[in-house]
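S.K.: The structure follows.
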Amino acid sequence: MVEWIMSPYRKQLLDPLLVNNPITVQILGLCSALAVTSALLPAVVMSIAVTCVLMFANVTVSLLRRAMPKSIRLIIEMTLIASAVIVVDQVLQAFVPDIAEILSVFVGLIVTNCLVLGRTEAYAMHNGVWASLADGLGNGLGYSVILIVVGSIRELFGSGSLLGRQILRTQAEGGWYTPNELMLLAPSAFFIIALLIWAMHAFGQVRRRDSAAAPVRESR
């Protein structure tokens with residue numbers, strides 16, 4: 001049953017992971033990627049929050065797309081996104097108040113995240129509910145992968161831990177590792193994301209070159 005539902009939407013689910021990643025290819029959602037990735041746990045929570053908002057916004061806009069007047073379309077979309085963000089923020093404050101305090105204003109700024117509004121306007125306004133749901137989930141996962149990678153690198157090399165558990169024993173605890181505190185500052189996230197953007201573009205160039213050369217090899 002799951003395969004029957006998901007197979008037509010494989011492109012929407014998988015393309016944002018590598019081929020058209022929201023952060024490294026579309027260059028969207030960079031503010032939160034720079035701000036909340038000093039540790040892995042806030043990055044994971046932010047990833048879940050953005051994915052939930054994306055899926056809700058895409059589905060609701062897809063359902064209402066034929067009923068929304070063009071003159072107030074963007075206002076309605078922003079209202080739907082803001083409603084989802086308020087619910088997510090209240091859930092975080094109720095169940096994980098410590099993480100909600102770390103994320104602070106950045107959860108509220110999901111409302112202005114270009115990724116969320118961009119997907120609702122560019123995709124959900126022109127496609128059905130299931131396709132929009134798959135697109136929201138796929139872009140949320142693509143966004144999450146980058147945040148989790150950046151958060152893991154910064155926490156591991158910045159404090160020697162992951163999710164608060166010590167992985168690299170520091171010299172202060174009698175170990176060998178000296179934490180690189182530069183990794184806990186925002187500029188480190190900028191450089192890590194820049195390297196990921198370079199890697200994604202290099203991967204895309206190799207992929208396009210291989211696909212272009214494939215028919216030549218077959219003809220031989």
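Chain labels follow the order of the structure tokens: the first chain is A, the next B, and so on; residue numbering restarts at 1 in every chain, and ligands are counted from 1 in their shown order.
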List every residue of segment 41-187 of chain A that DSSP, applied to the backbone of this structure, assigns to helix (DSSP H, G or I), and report them as a ChimeraX atom specification.
M.R.: /A:41-64,70-95,97-103,105-112,114-122,124-126,129-159,171-173,181-184,186-187
S.K.: Mind dumping a table of every segment 122-187 of chain A residue within 10 Å of segment 27-47 of chain A, with the nearest atom pair and its distance in Å to one decimal, using only C-alpha atoms, sorted by chain and rising number, as JSON lines?
M.R.:
{"residue": "A:Gly140", "atom": "CA", "partner": "A:Ser47", "partner_atom": "CA", "distance": 7.1}
{"residue": "A:Leu141", "atom": "CA", "partner": "A:Ser47", "partner_atom": "CA", "distance": 7.8}
{"residue": "A:Gly142", "atom": "CA", "partner": "A:Ser47", "partner_atom": "CA", "distance": 9.5}
{"residue": "A:Tyr143", "atom": "CA", "partner": "A:Ser47", "partner_atom": "CA", "distance": 6.9}
{"residue": "A:Ser144", "atom": "CA", "partner": "A:Ser47", "partner_atom": "CA", "distance": 4.7}
{"residue": "A:Val145", "atom": "CA", "partner": "A:Ser47", "partner_atom": "CA", "distance": 8.3}
{"residue": "A:Ile146", "atom": "CA", "partner": "A:Ala33", "partner_atom": "CA", "distance": 7.9}
{"residue": "A:Leu147", "atom": "CA", "partner": "A:Ala43", "partner_atom": "CA", "distance": 5.7}
{"residue": "A:Ile148", "atom": "CA", "partner": "A:Ala43", "partner_atom": "CA", "distance": 5.9}
{"residue": "A:Val149", "atom": "CA", "partner": "A:Leu40", "partner_atom": "CA", "distance": 8.4}
{"residue": "A:Val150", "atom": "CA", "partner": "A:Thr37", "partner_atom": "CA", "distance": 6.2}
{"residue": "A:Gly151", "atom": "CA", "partner": "A:Thr37", "partner_atom": "CA", "distance": 4.2}
{"residue": "A:Ser152", "atom": "CA", "partner": "A:Leu40", "partner_atom": "CA", "distance": 5.3}
{"residue": "A:Ile153", "atom": "CA", "partner": "A:Leu40", "partner_atom": "CA", "distance": 8.5}
{"residue": "A:Arg154", "atom": "CA", "partner": "A:Ser38", "partner_atom": "CA", "distance": 5.6}
{"residue": "A:Glu155", "atom": "CA", "partner": "A:Ala39", "partner_atom": "CA", "distance": 4.8}
{"residue": "A:Leu156", "atom": "CA", "partner": "A:Ala39", "partner_atom": "CA", "distance": 8.4}
{"residue": "A:Gly158", "atom": "CA", "partner": "A:Ser38", "partner_atom": "CA", "distance": 8.2}
{"residue": "A:Ser159", "atom": "CA", "partner": "A:Ala39", "partner_atom": "CA", "distance": 9.0}
{"residue": "A:Ser161", "atom": "CA", "partner": "A:Ala39", "partner_atom": "CA", "distance": 8.9}
{"residue": "A:Leu162", "atom": "CA", "partner": "A:Leu40", "partner_atom": "CA", "distance": 6.5}
{"residue": "A:Leu163", "atom": "CA", "partner": "A:Leu41", "partner_atom": "CA", "distance": 5.6}
{"residue": "A:Gly164", "atom": "CA", "partner": "A:Leu41", "partner_atom": "CA", "distance": 8.2}
{"residue": "A:Met183", "atom": "CA", "partner": "A:Ser38", "partner_atom": "CA", "distance": 7.5}
{"residue": "A:Leu184", "atom": "CA", "partner": "A:Ser38", "partner_atom": "CA", "distance": 5.2}
{"residue": "A:Leu185", "atom": "CA", "partner": "A:Ser38", "partner_atom": "CA", "distance": 7.2}
{"residue": "A:Ala186", "atom": "CA", "partner": "A:Leu34", "partner_atom": "CA", "distance": 5.9}
{"residue": "A:Pro187", "atom": "CA", "partner": "A:Leu34", "partner_atom": "CA", "distance": 7.9}
S.K.: Have a look at A:Leu109, A:Leu17, A:Leu117, A:Val88 and name the one nearest to Ala57 of chain A; count only C-alpha atoms.
M.R.: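 Distance minimum relative to Ala57 of chain A lands on A:Leu117.
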S.K.: Figure out the distance between atom CA of Ile193 of chain A and atom CA of Ala212 of chain A, please, to one decimal in Å.
M.R.: 28.3 Å
S.K.: Atom CA of Leu80 of chain A and atom CA of Val61 of chain A are how many Å apart?
M.R.: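 Taking atom CA of Leu80 of chain A and atom CA of Val61 of chain A, their separation equals 8.0 Å.
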S.K.: Tell me, as a list in words, which residues lie within 6 Å of segment 9-13 of chain A, counting only C-alpha atoms; anything in the same chain fewer than 4 positions away does not count.
M.R.: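 My reading of the contact set: Ala134, Asp135 and Gly138 of chain A.
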S.K.: Counting only C-alpha atoms, figure out which residue out of A:Gly204, A:Pro22, A:Pro69, A:Gly175 gets nearest to Asn113 of chain A.
M.R.: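 Between A:Gly204, A:Pro22, A:Pro69, A:Gly175, the residue approaching Asn113 of chain A most closely is A:Pro22.
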S.K.: So which residues of segment 35-177 of chain A fall under strand (DSSP E) by DSSP, listed as a list of chain:residue names?
M.R.: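 So the strand (DSSP E) residues in segment 35-177 of chain A would be A:Ser161, A:Leu162, A:Arg165, A:Gln166.
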S.K.: What would the file look like if the residues just selected were written as a PDB file, in the first residue's frame with C-alpha atoms?
M.R.:
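The resulting file, again.pdb, is shown below:
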ATOM      1  CA  SER A 161      29.995  15.379  21.861  1.00  0.00           C
ATOM      2  CA  LEU A 162      26.846  14.423  19.969  1.00  0.00           C
ATOM      3  CA  ARG A 165      26.961  12.469  24.886  1.00  0.00           C
ATOM      4  CA  GLN A 166      30.752  12.713  24.923  1.00  0.00           C
TER       5      GLN A 166
END
S.K.: Would you mind telling me which residue in A:Leu195, A:Leu63, A:Met55, A:Ile48 lies nearest to Leu92 of chain A when using only C-alpha atoms?
M.R.: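 Distance minimum relative to Leu92 of chain A lands on A:Ile48.
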S.K.: How many Å lie between atom CA of Ile192 of chain A and atom CA of Ala172 of chain A, rounded to one decimal?
M.R.: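 Interatomic distance here is 26.5 Å.
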S.K.: Kindly indicate which residue among A:Phe56, A:Gly136, A:His126, A:Phe157 lies nearest to Leu182 of chain A, using only C-alpha atoms for the distances.
M.R.: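 Comparing A:Phe56, A:Gly136, A:His126, A:Phe157 against Leu182 of chain A, the winner is A:Phe157.
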S.K.: Mind checking which residues fall within 12 Å of Ala199 of chain A, counting only C-alpha atoms, ignoring those fewer than 6 positions away in the same chain, and posting them as a list in words?
M.R.: Leu18, Val19, Asn21, Thr24, Val25, Ile192, Ile193, Gln205 and Val206 of chain A
S.K.: Under the rule that only C-alpha atoms are counted, which of A:Leu14, A:Arg209, A:Ala49, A:Gln171 is the nearest residue to Leu103 of chain A?
M.R.: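 Looking at the shortest contact to Leu103 of chain A, the residue is A:Ala49.
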